[in-house]
Amino acid sequence: MTGDGEEAPATELVPVLAAERVSKSFGEVQVLFSVDFDVRPGEVHALVGENGAGKSTLVKILSGFESPSSGRLLLDGQPVSLPANGDAEALGIILIHQEFNLADHLTVAESLFLGREVTRFGILDRRFMRAETRRILDMLGSHVDEDALISSLAVADKQMVEVAKAISRDARVIFMDEPTAVLSREETDILFDQVRKLRQTGTSFVFVTHKLNEVMELSDRVTVLRDGQWIKTAPTSLLDSDSIAQLMVGRELSSLYPAKHEPDVDEEVVLSVRGLSTGYVKDVSFDLRKGEILGFSGLIGSGRTEIMEAIIGLRSRLSGEVSVKGELLPAHDLDEATRRGLAYMTKDRKGRGLLLDEGMTANLTLQSLFRHVRYGYLDPASEAEAMARAKRRFDIRVRDDRVRVGRMSGGNQQKLMLAKIMETAPQIVIIDEPTRGIDVGTKQQIYHFIAALARDGCSVIVVSSEMPEVIGLCTRVMVMREGHLVGQLEGDDINEQTIMRYAAGLKRQMAG
Amino acid sequence: MSVDGGGQAARKSRSFLKDIDLRAVAPFAALFLLLIIGALVNPNFIGLTNLANVATRSAFIAIIAVGATFVISSGDLDLSVGSMVAFVASLMILFMNSGAIADPALMLAAAVVLTVVIGSLCGLANGLITTVGRIEPFIATLGTMGIYRGLTTWLSQGGAITLRSPDQQALYRPVYFGSIAGIPVPILVILLVTAIAAFILYRTRYGRHVTAVGSSREVARYSGIAVNRVRTIAFIIQGLCVAIAVLLYVPRLGSTSATTGILWELQAITAVVVGGTALKGGAGRVWGTICGAFILELVGNIMLLSNFISEYLIGAIQGSIIIIAMLVQRSLTRKS
């Protein structure tokens with residue numbers, strides 16, 4: 001076992017759930033090597049590691065969705081074999097999936113009791129179920145209406161419904177896979193408060209994440225996996241973010257962010273947006289210079305993606321003008337925007353960025369097929385050449401080039417998506433959430449790539465909800481709040497406190 | 001740094017290869033199996049004459065199904081093809097009977113052009129109702145299916161529409177009954193249509209766009225593809241294929257009626273699915289579709305030549321085939 005229990009009282013030493021020397025192979029390929037892991041009653045245990053380190057596999061084994069190839073699981077110290085396909089919920093072991101398991105057309109109360117509806121004389125006891133739902137939501141301090149349809153809820157509220165669902169099932173251990181990936185800072189705080197409250201009542205949490213500051217903030221213990229191997233389990237108080245990052249990567253992370261390179265103030269304005277409004281976004285104006293990296297910060301739902309989509313032509317504009325190098329860019333014409341050297345990378349990798357059932361090449365060239373047409377037909381050799389170039393340039397690593405994109409790791413998918421938009425040879429690149437849900441090593445590569453682009457004279461807009469990213473990369477930062485541009489920061493003003501003050505509405509610099 | 005370049009990718013790619021091979025090979029394996037069964041049932045079956053006959057008879061469904069491969073690959077569905085055949089054929093014969101042009105050869109040429117135009121327009125109508133009208137293709141083409149069928153019934157007043165001029169019949173007959181270099185014309189047409197379709201689907205920008213739109217409308221939209229245009233063109237290609245099938249159908253009997261082409265949509269969709277094209281859109285397999293159409297015709301042929309199953313059950317058998325094909329498709333996907 002891990003043997004890090006020095007400071008815990010003896011009674012807590014019997015873990016609720018533990019894995020002993022668990023290994024897992026898929027076919028001939030081993031993805032977990034004799035891993036030990038335990039969850040104590042009432043603790044928050046963070047599980048960290050790069051993409052492909054084996055976190056998800058371990059979580060699936062511990063929650064009964066996969067069975068271990070060797071090794072054993074212990075529940076309350078007794079060897080146990082967990083029932084498959086989520087039936088382990090009956091034992092109080094609950095996995096909250098990254099993509100939620102909620103049916104859009106049910107109400108919150110119906111979702112909570114889905115599959116174990118309470119009946120009286122064979123008829124649904126709706127009043128009881130609604131009251132019970134309200135009780136649990138109140139306990140969580142959530143304002144969600146128990147009669148609201150799931151489809152009408154914000155992502156954060158859906159997350160809360162999942163947590164409520166877990167609690168209503170008398171959860172003993174709750175596994176959360178990247179729970180904050182889609183949450184704003186405020187929403188994350190609320191979630192964390194609930195987790196702390198539940199922890200006091202003895203519920204344990206296993207928390208899979210890439211965000212090390214959250215690990216430091218919330219967890220009691222940390223387990224690091226790397227390449228399917230157990231690396232370390234230690235109380236969080238004995239570690240700091242840097243040492244965790246080092247354990248994850250196994251090497252020193254020299255500098256996550258490249259050196260900033262301020263563009264000349266006299267540099268030509270390549271993109272100019274004046275008074276742009278969409279349904280939600282109101283009157284946004286800004287300029288982008290050649291070679292500049294401009295950040296867009298703000299809470300989720302502040303309208304950043306809407307603006308970018310309106311600029312590029314994916315969303316209609318109500319009013320306002322966009323000009324590229326002094327010439328007006330028509331609305332709703334993505335083709336024309338592409339011809340003028342604009343490219344937009346979506347934040348929704350799986351839903352909007354990549355064809356998951358297709359191979360890498362079909363994805364890479366999808367937006368730039370015109371470059372591979374010879375006498376009216378597509379030249380496979382030309383496409384293969386582009387693929388080979390992109391693999392080198394973006395360091396995309398796969399064993400087999402014919403792999404379906406849906407089977408690649410998040411990091412490789414992200415690089416492929418970046419490669420795809422770069423195939424259109426843009427001069428103005430808008431990148432929405434450049435590093436969502438990918439590991440530290442890949443993040444670093446993407447940051448350096450963005451910096452290199454700007455040095456070569458490209459202009460880049462980085463839309464990001466991860467503040468360190470905006471702070472580390474950008475020479476100028478725009479802050480948005482509720483559809484309005486509320487602040488523009490430069491130089492030393494680009495720091496977490498200032499951005500947060502604008503984003504949260506405590507400060508405002510521009511007329512909206 | 002991407003750790004997963006290692007083990008996982010290798011495992012996955014291997015199963016990926018297996019999956020690809022199985023799905024592409026399955027229809028041809030089924031065809032081979034049928035040929036063996038047929039040979040066991042009746043020795044005449046495996047003869048070249050019989051097989052050429054079967055292939056010739058499969059021409060209508062095969063050509064319509066090639067069009068359906070485009071529509072299904074782009075994530076839509078066209079239920080109206082059967083009635084469209086009846087409708088387009090009626091108009092073609094009515095035009096030829098009208099005597100608008102005296103010279104029979106010129107008349108035939110004009111009728112061919114007209115047929116192609118009408119077929120394309122019918123497809124265009126389906127496409128616009130689906131995309132511009134934003135109606136589920138299932139419902140949109142269910143509606144036009146009723147419309148085309150109803151118009152045909154009205155045009156024929158419930159009976160048959162027959163090509164009157166014997167000159168024209170004689171002139172036109174070889175298109176179905178003739179052969180070039182010993183190969184029946186319909187078989188040549190199947191091969192030509194399929195080769196062109198395969199080229200468009202696999203080797204052109206438009207074909208790639210069809211696959212992208214069928215795999216994910218959103219990804220296609222965000223990649224700058226005009227999704228509605230791609231879908232509409234697929235419907236037009238379907239209409240064009242129906243027109244080509246009509247060009248082969250009319251000389252065969254020289255007549256059409258209100259019941260022409262009934263349940264052909266079932267057969268066309270079955271051929272596409274048996275051929276390995278996913279009904280949810282994405283990967284289209286044109287040669288697989290032809291194989292599927294041939295399988296359907298062979299099953300009917302075997303039923304005729306054998307004595308244990310009544311040929312009146314053919315619809316039931318075809319219905320079963322599409323269900324079995326879906327089950328096989330799904331089990332092959334699951335393995336991946």
# chains A, B, ... in the order shown; residues from 1 in each chain; ligands from 1

$ select_by_dssp --residues "segment 166-353 of chain A" --states "helix (DSSP H, G or I)" --output "PyMOL selection string"
chain A and resi 166-168+185-200+212-218+236-238+241-249+304-312+334-339+349-353

$ interface_residues --of "chain A" --to "chain B" --cutoff "8 Å" --atoms "only C-alpha atoms" --output "PyMOL selection string"
chain A and resi 26-31+50-53+227+314+334-335+346+351-355+357+362+366-367+369-370+373+376-379+396-400+402-404+407-409+411-412+441-442+445

$ residues_around --residues "Leu212 of chain A" --least-positions-apart "5" --cutoff "8 Å" --atoms "only C-alpha atoms" --output "list in words"
Ser241, Ile244 and Ala245 of chain A

$ select_by_dssp --residues "segment 30-279 of chain A" --states "strand (DSSP E)" --output "compact mmCIF listing (two decimals) with N, CA, C and O atoms, in the first residue's frame"
# COMPACT_ATOMS: atom_id res chain seq x y z
N GLN A 30 -0.36 -3.18 -22.32
CA GLN A 30 -0.64 -2.92 -20.91
C GLN A 30 -0.72 -1.42 -20.67
O GLN A 30 0.15 -0.66 -21.11
N VAL A 31 -1.79 -0.98 -20.01
CA VAL A 31 -1.93 0.45 -19.76
C VAL A 31 -1.81 0.80 -18.28
O VAL A 31 -1.58 1.95 -17.93
N LEU A 32 -1.96 -0.19 -17.40
CA LEU A 32 -1.74 0.05 -15.97
C LEU A 32 -0.79 -1.03 -15.46
O LEU A 32 -0.94 -2.21 -15.78
N PHE A 33 0.19 -0.60 -14.68
CA PHE A 33 1.20 -1.54 -14.19
C PHE A 33 1.16 -1.58 -12.66
O PHE A 33 1.69 -0.70 -12.01
N SER A 34 0.51 -2.60 -12.11
CA SER A 34 0.56 -2.84 -10.67
C SER A 34 0.38 -1.56 -9.85
O SER A 34 1.25 -1.17 -9.09
N VAL A 35 -0.75 -0.92 -10.04
CA VAL A 35 -1.00 0.36 -9.37
C VAL A 35 -1.72 0.15 -8.04
O VAL A 35 -2.63 -0.66 -7.94
N ASP A 36 -1.27 0.86 -7.01
CA ASP A 36 -1.95 0.87 -5.71
C ASP A 36 -2.67 2.21 -5.56
O ASP A 36 -2.13 3.25 -5.94
N PHE A 37 -3.85 2.15 -4.98
CA PHE A 37 -4.60 3.39 -4.81
C PHE A 37 -5.63 3.15 -3.72
O PHE A 37 -6.22 2.09 -3.66
N ASP A 38 -5.81 4.11 -2.83
CA ASP A 38 -6.88 3.93 -1.83
C ASP A 38 -7.58 5.24 -1.54
O ASP A 38 -7.01 6.32 -1.67
N VAL A 39 -8.84 5.12 -1.17
CA VAL A 39 -9.66 6.27 -0.83
C VAL A 39 -10.11 6.10 0.60
O VAL A 39 -10.74 5.10 0.94
N VAL A 44 -10.71 13.98 0.07
CA VAL A 44 -10.72 14.32 -1.34
C VAL A 44 -9.36 13.92 -1.88
O VAL A 44 -8.33 14.43 -1.46
N HIS A 45 -9.39 12.96 -2.77
CA HIS A 45 -8.14 12.40 -3.28
C HIS A 45 -7.99 12.82 -4.74
O HIS A 45 -8.81 12.47 -5.57
N ALA A 46 -6.96 13.58 -5.03
CA ALA A 46 -6.76 14.02 -6.42
C ALA A 46 -5.93 12.99 -7.16
O ALA A 46 -4.95 12.47 -6.62
N LEU A 47 -6.36 12.69 -8.38
CA LEU A 47 -5.62 11.74 -9.22
C LEU A 47 -5.12 12.54 -10.42
O LEU A 47 -5.92 13.05 -11.20
N VAL A 48 -3.81 12.67 -10.53
CA VAL A 48 -3.28 13.51 -11.62
C VAL A 48 -2.30 12.73 -12.47
O VAL A 48 -1.78 11.69 -12.06
N SER A 70 -5.26 -7.97 -13.53
CA SER A 70 -4.75 -8.66 -12.34
C SER A 70 -4.80 -7.68 -11.18
O SER A 70 -5.05 -6.50 -11.36
N GLY A 71 -4.54 -8.19 -9.97
CA GLY A 71 -4.67 -7.36 -8.78
C GLY A 71 -6.09 -7.44 -8.27
O GLY A 71 -6.93 -8.13 -8.84
N ARG A 72 -6.35 -6.76 -7.12
CA ARG A 72 -7.70 -6.87 -6.59
C ARG A 72 -8.19 -5.55 -6.02
O ARG A 72 -7.41 -4.64 -5.75
N LEU A 73 -9.51 -5.48 -5.85
CA LEU A 73 -10.14 -4.30 -5.27
C LEU A 73 -10.66 -4.66 -3.89
O LEU A 73 -11.10 -5.78 -3.65
N LEU A 74 -10.57 -3.70 -2.96
CA LEU A 74 -11.08 -3.91 -1.61
C LEU A 74 -12.14 -2.86 -1.31
O LEU A 74 -11.93 -1.68 -1.55
N LEU A 75 -13.27 -3.32 -0.78
CA LEU A 75 -14.31 -2.39 -0.33
C LEU A 75 -14.40 -2.58 1.17
O LEU A 75 -14.65 -3.69 1.65
N GLN A 78 -12.50 -5.48 2.48
CA GLN A 78 -12.83 -6.83 2.02
C GLN A 78 -12.69 -6.91 0.50
O GLN A 78 -13.14 -6.02 -0.21
N PRO A 79 -12.02 -7.99 0.02
CA PRO A 79 -11.91 -8.13 -1.43
C PRO A 79 -13.29 -8.14 -2.07
O PRO A 79 -14.22 -8.73 -1.52
N VAL A 80 -13.40 -7.49 -3.20
CA VAL A 80 -14.70 -7.36 -3.82
C VAL A 80 -14.51 -7.38 -5.33
O VAL A 80 -13.46 -6.98 -5.83
N ILE A 93 -20.69 3.57 -5.00
CA ILE A 93 -19.54 4.02 -5.78
C ILE A 93 -20.05 4.63 -7.07
O ILE A 93 -20.65 3.95 -7.89
N ILE A 94 -19.84 5.93 -7.21
CA ILE A 94 -20.49 6.63 -8.31
C ILE A 94 -19.48 7.40 -9.14
O ILE A 94 -18.63 8.11 -8.62
N LEU A 95 -19.57 7.22 -10.45
CA LEU A 95 -18.68 7.93 -11.38
C LEU A 95 -19.49 9.00 -12.10
O LEU A 95 -20.51 8.70 -12.72
N ILE A 96 -19.05 10.25 -11.97
CA ILE A 96 -19.68 11.32 -12.75
C ILE A 96 -18.85 11.51 -14.00
O ILE A 96 -17.70 11.91 -13.93
N THR A 119 -42.79 4.94 -6.11
CA THR A 119 -44.20 4.82 -6.48
C THR A 119 -45.06 4.59 -5.26
O THR A 119 -44.59 4.13 -4.21
N ARG A 120 -46.30 4.99 -5.39
CA ARG A 120 -47.31 4.65 -4.37
C ARG A 120 -48.42 3.92 -5.09
O ARG A 120 -49.00 4.45 -6.03
N ILE A 123 -48.26 4.00 -8.77
CA ILE A 123 -48.28 5.27 -9.51
C ILE A 123 -47.12 6.12 -9.00
O ILE A 123 -46.79 6.10 -7.82
N LEU A 124 -46.47 6.85 -9.93
CA LEU A 124 -45.32 7.67 -9.55
C LEU A 124 -45.71 8.64 -8.43
O LEU A 124 -46.71 9.36 -8.54
N VAL A 173 -18.31 6.92 -2.33
CA VAL A 173 -17.16 7.46 -3.07
C VAL A 173 -17.69 8.04 -4.38
O VAL A 173 -18.40 7.36 -5.11
N ILE A 174 -17.36 9.30 -4.64
CA ILE A 174 -17.77 9.92 -5.89
C ILE A 174 -16.53 10.20 -6.73
O ILE A 174 -15.60 10.87 -6.28
N PHE A 175 -16.51 9.63 -7.94
CA PHE A 175 -15.41 9.91 -8.86
C PHE A 175 -15.82 11.04 -9.78
O PHE A 175 -16.89 11.00 -10.38
N MET A 176 -14.99 12.06 -9.88
CA MET A 176 -15.30 13.16 -10.79
C MET A 176 -14.17 13.30 -11.78
O MET A 176 -13.03 13.51 -11.41
N ASP A 177 -14.52 13.19 -13.06
CA ASP A 177 -13.51 13.28 -14.11
C ASP A 177 -13.52 14.71 -14.67
O ASP A 177 -14.46 15.12 -15.32
N SER A 204 -16.42 10.38 0.32
CA SER A 204 -15.08 10.55 -0.23
C SER A 204 -15.18 10.94 -1.70
O SER A 204 -16.12 10.57 -2.38
N PHE A 205 -14.17 11.68 -2.14
CA PHE A 205 -14.13 12.10 -3.54
C PHE A 205 -12.81 11.70 -4.19
O PHE A 205 -11.76 11.80 -3.56
N VAL A 206 -12.90 11.24 -5.41
CA VAL A 206 -11.69 11.09 -6.22
C VAL A 206 -11.87 12.04 -7.39
O VAL A 206 -12.88 12.03 -8.08
N PHE A 207 -10.84 12.84 -7.58
CA PHE A 207 -10.97 14.02 -8.39
C PHE A 207 -9.87 13.95 -9.45
O PHE A 207 -8.70 14.01 -9.14
N VAL A 208 -10.27 13.69 -10.70
CA VAL A 208 -9.29 13.61 -11.79
C VAL A 208 -9.21 14.98 -12.44
O VAL A 208 -10.23 15.54 -12.81
N ARG A 221 -5.18 14.45 -0.39
CA ARG A 221 -4.02 13.68 -0.84
C ARG A 221 -3.97 13.70 -2.36
O ARG A 221 -4.97 13.91 -3.02
N VAL A 222 -2.78 13.45 -2.88
CA VAL A 222 -2.59 13.43 -4.33
C VAL A 222 -1.93 12.12 -4.72
O VAL A 222 -1.01 11.66 -4.04
N THR A 223 -2.43 11.51 -5.79
CA THR A 223 -1.72 10.38 -6.38
C THR A 223 -1.35 10.76 -7.81
O THR A 223 -2.17 11.29 -8.55
N VAL A 224 -0.08 10.53 -8.13
CA VAL A 224 0.41 10.86 -9.47
C VAL A 224 0.65 9.57 -10.24
O VAL A 224 1.29 8.64 -9.73
N LEU A 225 0.10 9.49 -11.44
CA LEU A 225 0.39 8.37 -12.35
C LEU A 225 1.18 8.90 -13.53
O LEU A 225 0.99 10.03 -13.95
N ARG A 226 2.07 8.06 -14.05
CA ARG A 226 2.76 8.43 -15.28
C ARG A 226 2.97 7.16 -16.10
O ARG A 226 3.46 6.17 -15.58
N GLN A 229 2.11 3.86 -14.61
CA GLN A 229 2.81 3.46 -13.37
C GLN A 229 2.37 4.37 -12.23
O GLN A 229 2.16 5.56 -12.43
N TRP A 230 2.31 3.78 -11.03
CA TRP A 230 2.08 4.59 -9.86
C TRP A 230 3.38 5.32 -9.54
O TRP A 230 4.45 4.70 -9.46
N ILE A 231 3.35 6.63 -9.37
CA ILE A 231 4.57 7.39 -9.09
C ILE A 231 4.64 7.80 -7.64
O ILE A 231 5.65 7.58 -6.97
N LYS A 232 3.55 8.37 -7.13
CA LYS A 232 3.61 8.82 -5.74
C LYS A 232 2.20 9.09 -5.21
O LYS A 232 1.33 9.53 -5.96
N THR A 233 2.01 8.79 -3.92
CA THR A 233 0.81 9.26 -3.23
C THR A 233 1.29 10.00 -2.00
O THR A 233 2.11 9.48 -1.25
N ALA A 234 0.82 11.24 -1.82
CA ALA A 234 1.30 12.02 -0.68
C ALA A 234 0.23 13.01 -0.26
O ALA A 234 -0.62 13.39 -1.07
N PRO A 235 0.26 13.41 1.02
CA PRO A 235 -0.65 14.47 1.45
C PRO A 235 -0.37 15.74 0.65
O PRO A 235 0.80 16.07 0.42
N VAL A 269 -2.41 47.70 -38.24
CA VAL A 269 -3.60 47.07 -37.67
C VAL A 269 -4.16 46.10 -38.72
O VAL A 269 -4.52 46.51 -39.81
N VAL A 270 -4.20 44.79 -38.40
CA VAL A 270 -4.64 43.83 -39.41
C VAL A 270 -6.12 43.52 -39.27
O VAL A 270 -6.78 43.18 -40.25
N LEU A 271 -6.63 43.62 -38.05
CA LEU A 271 -8.05 43.31 -37.85
C LEU A 271 -8.65 44.42 -37.01
O LEU A 271 -8.11 44.77 -35.97
N SER A 272 -9.75 44.94 -37.49
CA SER A 272 -10.38 46.03 -36.76
C SER A 272 -11.87 45.74 -36.63
O SER A 272 -12.54 45.50 -37.62
N VAL A 273 -12.34 45.73 -35.39
CA VAL A 273 -13.75 45.42 -35.13
C VAL A 273 -14.39 46.67 -34.54
O VAL A 273 -13.87 47.24 -33.58
N ARG A 274 -15.49 47.09 -35.13
CA ARG A 274 -16.15 48.33 -34.68
C ARG A 274 -17.62 48.09 -34.37
O ARG A 274 -18.39 47.73 -35.27
N GLY A 275 -18.00 48.29 -33.12
CA GLY A 275 -19.40 48.26 -32.73
C GLY A 275 -20.13 46.97 -33.05
O GLY A 275 -21.30 46.97 -33.40
N LEU A 276 -19.42 45.87 -32.92
CA LEU A 276 -20.01 44.58 -33.30
C LEU A 276 -21.03 44.11 -32.26
O LEU A 276 -20.75 44.07 -31.07
N SER A 277 -22.23 43.76 -32.71
CA SER A 277 -23.24 43.21 -31.81
C SER A 277 -23.82 41.94 -32.40
O SER A 277 -24.04 41.86 -33.61

$ closest_residue --among "A:Glu217, A:His372, A:Leu256, A:Ile446" --to "Asp395 of chain A" --atoms "only C-alpha atoms"
A:Ile446

$ residues_around --residues "Lys197 of chain A" --least-positions-apart "4" --cutoff "10 Å" --atoms "only C-alpha atoms" --output "JSON, numbers by chain"
{"A": [42, 139, 140, 191, 192, 193, 201, 202, 203]}

$ residues_around --residues "Phe294 of chain B" --least-positions-apart "2" --cutoff "8 Å" --atoms "only C-alpha atoms" --output "list in words"
Leu31, Val54, Ala55, Ser58, Ala62, Ile290, Cys291, Gly292, Leu296, Glu297 and Leu298 of chain B

$ closest_residue --among "B:Gly281, B:Pro184, B:Gly123, B:Gly254" --to "Arg57 of chain B" --atoms "only C-alpha atoms"
B:Pro184

$ residues_around --residues "Arg149 of chain B" --least-positions-apart "4" --cutoff "12 Å" --atoms "only C-alpha atoms" --output "PyMOL selection string"
chain B and resi 79-90+141-145+153-158+257-263

$ residues_around --residues "Leu128 of chain B" --least-positions-apart "4" --cutoff "9 Å" --atoms "only C-alpha atoms" --output "PyMOL selection string"
chain B and resi 123-124+132-134+228+232+235

$ atom_distance --atom1 "atom CA of Ser243 of chain A" --atom2 "atom CA of Thr180 of chain A"
21.8 Å

$ decode --residues "segment 221-242 of chain B" --atoms "N, CA, C and O atoms" --output "mmCIF file, in the first residue's frame"
data_model
loop_
_atom_site.group_PDB
_atom_site.id
_atom_site.type_symbol
_atom_site.label_atom_id
_atom_site.label_comp_id
_atom_site.auth_asym_id
_atom_site.auth_seq_id
_atom_site.Cartn_x
_atom_site.Cartn_y
_atom_site.Cartn_z
ATOM 1 N N ARG B 221 -19.620 22.472 -40.757
ATOM 2 C CA ARG B 221 -19.935 23.894 -40.778
ATOM 3 C C ARG B 221 -18.749 24.713 -40.286
ATOM 4 O O ARG B 221 -18.387 25.725 -40.874
ATOM 5 N N TYR B 222 -18.141 24.255 -39.207
ATOM 6 C CA TYR B 222 -16.998 24.985 -38.658
ATOM 7 C C TYR B 222 -15.777 24.856 -39.552
ATOM 8 O O TYR B 222 -14.794 25.551 -39.348
ATOM 9 N N SER B 223 -15.800 23.934 -40.509
ATOM 10 C CA SER B 223 -14.681 23.813 -41.440
ATOM 11 C C SER B 223 -14.968 24.577 -42.727
ATOM 12 O O SER B 223 -14.271 24.395 -43.715
ATOM 13 N N GLY B 224 -16.003 25.397 -42.722
ATOM 14 C CA GLY B 224 -16.270 26.226 -43.878
ATOM 15 C C GLY B 224 -16.959 25.506 -45.024
ATOM 16 O O GLY B 224 -16.876 25.934 -46.168
ATOM 17 N N ILE B 225 -17.621 24.390 -44.738
ATOM 18 C CA ILE B 225 -18.324 23.663 -45.793
ATOM 19 C C ILE B 225 -19.773 24.136 -45.830
ATOM 20 O O ILE B 225 -20.416 24.256 -44.785
ATOM 21 N N ALA B 226 -20.289 24.399 -47.033
ATOM 22 C CA ALA B 226 -21.678 24.828 -47.168
ATOM 23 C C ALA B 226 -22.562 23.592 -47.038
ATOM 24 O O ALA B 226 -22.860 22.922 -48.026
ATOM 25 N N VAL B 227 -22.948 23.289 -45.814
ATOM 26 C CA VAL B 227 -23.607 22.027 -45.498
ATOM 27 C C VAL B 227 -24.876 21.813 -46.333
ATOM 28 O O VAL B 227 -25.063 20.756 -46.924
ATOM 29 N N ASN B 228 -25.733 22.826 -46.397
ATOM 30 C CA ASN B 228 -26.994 22.655 -47.117
ATOM 31 C C ASN B 228 -26.787 22.425 -48.605
ATOM 32 O O ASN B 228 -27.516 21.670 -49.232
ATOM 33 N N ARG B 229 -25.755 23.083 -49.157
ATOM 34 C CA ARG B 229 -25.490 22.886 -50.574
ATOM 35 C C ARG B 229 -25.058 21.433 -50.827
ATOM 36 O O ARG B 229 -25.539 20.784 -51.750
ATOM 37 N N VAL B 230 -24.165 20.941 -49.967
ATOM 38 C CA VAL B 230 -23.691 19.564 -50.120
ATOM 39 C C VAL B 230 -24.859 18.584 -50.042
ATOM 40 O O VAL B 230 -24.985 17.669 -50.856
ATOM 41 N N ARG B 231 -25.758 18.800 -49.081
ATOM 42 C CA ARG B 231 -26.899 17.892 -48.918
ATOM 43 C C ARG B 231 -27.834 17.976 -50.126
ATOM 44 O O ARG B 231 -28.301 16.956 -50.632
ATOM 45 N N THR B 232 -28.100 19.198 -50.585
ATOM 46 C CA THR B 232 -29.005 19.359 -51.723
ATOM 47 C C THR B 232 -28.438 18.687 -52.965
ATOM 48 O O THR B 232 -29.154 18.011 -53.700
ATOM 49 N N ILE B 233 -27.130 18.876 -53.189
ATOM 50 C CA ILE B 233 -26.523 18.249 -54.368
ATOM 51 C C ILE B 233 -26.637 16.724 -54.270
ATOM 52 O O ILE B 233 -26.890 16.046 -55.271
ATOM 53 N N ALA B 234 -26.503 16.178 -53.067
ATOM 54 C CA ALA B 234 -26.656 14.725 -52.908
ATOM 55 C C ALA B 234 -28.052 14.289 -53.349
ATOM 56 O O ALA B 234 -28.208 13.269 -54.025
ATOM 57 N N PHE B 235 -29.067 15.081 -52.976
ATOM 58 C CA PHE B 235 -30.429 14.749 -53.409
ATOM 59 C C PHE B 235 -30.561 14.851 -54.931
ATOM 60 O O PHE B 235 -31.274 14.064 -55.562
ATOM 61 N N ILE B 236 -29.868 15.846 -55.518
ATOM 62 C CA ILE B 236 -29.935 15.979 -56.979
ATOM 63 C C ILE B 236 -29.270 14.770 -57.646
ATOM 64 O O ILE B 236 -29.779 14.232 -58.626
ATOM 65 N N ILE B 237 -28.130 14.338 -57.088
ATOM 66 C CA ILE B 237 -27.462 13.150 -57.634
ATOM 67 C C ILE B 237 -28.418 11.957 -57.561
ATOM 68 O O ILE B 237 -28.519 11.161 -58.501
ATOM 69 N N GLN B 238 -29.159 11.872 -56.450
ATOM 70 C CA GLN B 238 -30.145 10.802 -56.322
ATOM 71 C C GLN B 238 -31.190 10.902 -57.445
ATOM 72 O O GLN B 238 -31.524 9.905 -58.081
ATOM 73 N N GLY B 239 -31.670 12.103 -57.703
ATOM 74 C CA GLY B 239 -32.662 12.297 -58.758
ATOM 75 C C GLY B 239 -32.112 11.919 -60.125
ATOM 76 O O GLY B 239 -32.787 11.283 -60.945
ATOM 77 N N LEU B 240 -30.849 12.278 -60.335
ATOM 78 C CA LEU B 240 -30.174 11.959 -61.587
ATOM 79 C C LEU B 240 -30.083 10.443 -61.769
ATOM 80 O O LEU B 240 -30.334 9.904 -62.858
ATOM 81 N N CYS B 241 -29.744 9.746 -60.697
ATOM 82 C CA CYS B 241 -29.642 8.287 -60.766
ATOM 83 C C CYS B 241 -31.008 7.665 -61.051
ATOM 84 O O CYS B 241 -31.115 6.690 -61.804
ATOM 85 N N VAL B 242 -32.061 8.233 -60.445
ATOM 86 C CA VAL B 242 -33.410 7.745 -60.728
ATOM 87 C C VAL B 242 -33.704 7.923 -62.208
ATOM 88 O O VAL B 242 -34.226 7.015 -62.873
#
